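J.: Following this message is one structure expressed as C-alpha cells.
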Amino acid sequence: MASIGRSAFSQDGQYYAYCGNDGKLKIWETASGRLKHEYTSNRHLSSPCSVIGWISVNPQSTPSGNISPLPKKRRRRKSILEEIDRKAVVAMGLSNGKVTLYDVVTASVSTTLENGHSSAITAIAWSTGSGLITAANDYHIVQWNIQENGIKCKWKSGKAKVTALAILTNGKCLLSAERIIKWWDLATKQLIRTFTGHANHVNFLQPVQVDNIVSYVISSGCMDNHLSVWALDKVNKNDKTPIATLALQDEATSISILVVEELQVVILVTTQSGQAQLFKYQPNGHIKPLKSCLNIAVAADVSQKEAIQQIPILAGHLTEDEKLLLVYGSYLNLTFEKVMPDFSDKVQCLIRSERLDTKKSKERKEETISKIKPTAIEENVEYLVPGVGVSAQKRNRTISGSQLLLKDRLENLSLNADVNTTGRISTKGANMTQLLMQALNSKDKTILTTVLFTKNETVIRNTITRLPVQAITPLLKELTIMLQGKTYASKIAVMWLQTLIMIHAAHLMSRPDITEILSPILSFVDAKLTLLTAVQRLKGRVSLITGQISQATQESNKDITENSLLVYQDPDSSDEGAEKDDIDLSSESDDNWEEMSDEDVQDEQGEEDNRSIKFEDDDDVNDNDSIHS
C-alpha cells in the first residue's frame, strides 16, 4: 500500500506523484496513465524523501523562484497575465530538513529551500495566499518565501512533532496536528483553539469551507477506523468530541473532499484494505457514526484465475464533474481510471482484466533495445561449463580413450560426491550450475528442487558465479515463485537472491528490462514490509498477555508456607498410633529403671557395709598399734 505522505494528486487531478523508499520521484499523467517524469536525487540514499505535496507557482517566475519584472509596455497586460494558469510543482520534504521543488514543466529541480529545519520534514501545506508551510521533527513550523528562497516566519509548534498541516481557505489560519489539533492565527502566531479528541497522532487534515461563514475540518488518526468532523467555531469549546464521525473499514490512506450543491460535502476515502468508500455528508450536527453510501473495489478477471484476486486501490481523487479518479495496481505498473459512481447498490465492484497491463509491458519491451541476445533452445541441447567454448569440429570427433569412465563421470555429477576421493573432480559448483541450467531450460521441478533447496552458502555462491547471464532471467522467475511460497522456501529464495544480486549487479544494472524483471520481487517485498509493523505490534501485545498469564500462574502455584513465620500441622491417625507405641515403650523403660534402681540400691548398701567393716578393722588395727606402743 501507499506510504502516507509520500504520494499525492495535484490540485486539478492532472498528475499523480509518488516517492518511494528508494528516493525516486515518479510523476504520472492521469489522463493517459503514462509515466511522464522520473527523477532521482544525488542524495536519495543519505536524505530520502519523507513527505510530498503539490504547490503552484506563477509561470513568470524564474527557475530560481524569483519573479521577473514586467516591462513597462507590458504592464497593461498585467490583468491578463494574472489569469494564466499557474504551473504545477512538486514539493519534496527531505530527511535532512531541506525542501526540494521539482518543476514538472522543465523536468528539473527549480529551487532547494534550506536552513529552515534541522531534522526530517513531517508535513507540508500550501495555499496561494499563505504560500508554503512545513513542519519537522525539530518541533518547529516554517513559513517559506519561495520568491526569495528564504524563511518568512518560524515558530515552535509544541512539545511533539507535527504530523499533518492544513491551511484554511481564507489563508489567514493554519491547522497543525500531533495527537492534538491546533488552530493557529497566521498573523499573530497565536493559538485560537485546540481539539484533543484523537488517541494517536493525526495523519490527515482536510479543511472544508461550506460557505463564507461555516467551515469544518476532517481529520483521521493512526489506527483509527473512522473520520472525525470538527466545527471551526470559536464559541463552542467542546474540543474532545467531534460533531460527526464517518465509519471506515480500516485506516485511511488518502482523503479527497468536494463541496457540491445544497452545501453537501462529498468525501472519497481509500483505506489500507485496498478499497474506496464514498460519503455524502450534510453538516447537521449528528454525532452518530455515518456509514458510507458506496463501497468500491477492484478485482481481477475471474476467467483468467481460479480465485478472485483483489487489486488494491492506492488513492482516489474527486473531480469537478463528481467522478472518481482511482489509481490501483502496484507502483511498478499503475492504472488510472475515472469511475462514475453507481448508487443502485451499496457495493460497486470493478472487474478489470490484466491483458491491458500485459499489452503495455510488451509495448515497453518493444520500445527498448535489448543488448543481450537470448539463447536459442533446440531439441538437441548441449550444456557446457561457462567460459569453455567447443567448436563444431571437436564436437564431431571421437571421444579419446583417456577420458574418464562412465561410472566415474556419473559419480562426478552426483551432488553428494566426495571431492577428496581419487579419480573424482572437485567441481561441485560447476556440476550444480549445469544441473541448474538443465532444470531451467527443461523446467524440471524435481531437479530445480534438488538444486535450489540447499543451505550451503558456499555452494550457492559457486553456482551463481559460474552461471551464464542468459540463465539469470529464468532463475529470477523461479525465485519469485519461491518467495511467494512457505517460510522455508522464502528463506532459501532470499539467500539465492542476495548472492545473485551481489555477483551479477553490474549485468543487472546494464539491462534495459531490469524494471520488468524485478518488479514482482519488489512489489512482494513492499507488501511484506507493510505488514511488518502490524505483526510487530501484534507480537508485542501477545507477549504482554502471555507474560501476564505466566506471572499469574506462578503466583497461584506459589507455596503459601514458603515465607510463613509459624507452621502448625494437625496430627493424623498414624501419628496417634505412634504416640501409643511411644507410651508403651516409655512404661517398659520405667519398670526396668525401677528394677535397676532397686538392684543398685542393694549394691550400694552392700558396698557401704563393706566399707564400714573395713573401717572397723582399721580402727582395731590402730588400737592394737597404740597398745603395743
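Scheme for the C-alpha cells: letters A, B, ... for chains in order shown; per-chain residue numbers from 1; ligand numbers from 1 in order shown.
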Which residues come within 8 Å of segment 99-109 of chain A, counting only C-alpha atoms, excluding same-chain residues fewer than 2 positions away, as an NGL selection string?

T.: :A and (37 or 87-94 or 97 or 111-114)

J.: Would you mind telling me which residue in A:Leu479, A:Leu132, A:Leu186, A:Ile255 lies nearest to Leu324 of chain A when using only C-alpha atoms?

T.: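 Closest candidate: A:Ile255.
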
J.: Which residues come within 10 Å of Ala489 of chain A, counting only C-alpha atoms, excluding same-chain residues fewer than 4 positions away, as a PyMOL selection string?

T.: chain A and resi 449+452-453+479+481-485+493-494

J.: For the selection just defined, write its residues with C-alpha atoms to a file, as a PDB file, in the first residue's frame.

T.:
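So selection12.pdb came out as:
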```pdb
ATOM      1  CA  THR A 449      14.029 -28.571  -6.036  1.00  0.00           C
ATOM      2  CA  LEU A 452      17.717 -24.690  -5.199  1.00  0.00           C
ATOM      3  CA  PHE A 453      16.797 -26.145  -1.803  1.00  0.00           C
ATOM      4  CA  LEU A 479      12.962 -17.413  -7.201  1.00  0.00           C
ATOM      5  CA  ILE A 481       7.667 -18.200  -7.253  1.00  0.00           C
ATOM      6  CA  MET A 482       9.622 -19.472  -4.250  1.00  0.00           C
ATOM      7  CA  LEU A 483       9.261 -16.131  -2.480  1.00  0.00           C
ATOM      8  CA  GLN A 484       5.500 -16.449  -2.661  1.00  0.00           C
ATOM      9  CA  GLY A 485       5.597 -19.904  -1.078  1.00  0.00           C
ATOM     10  CA  ALA A 493      14.996 -17.834  -2.154  1.00  0.00           C
ATOM     11  CA  VAL A 494      16.321 -14.831  -0.231  1.00  0.00           C
TER      12      VAL A 494
END
```

J.: Have a look at atom CA of Lys98 of chain A and atom CA of Thr134 of chain A and let me know their distance in Å, one decimal.

T.: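 Taking atom CA of Lys98 of chain A as the start and atom CA of Thr134 of chain A as the end point, the length is 10.1 Å.
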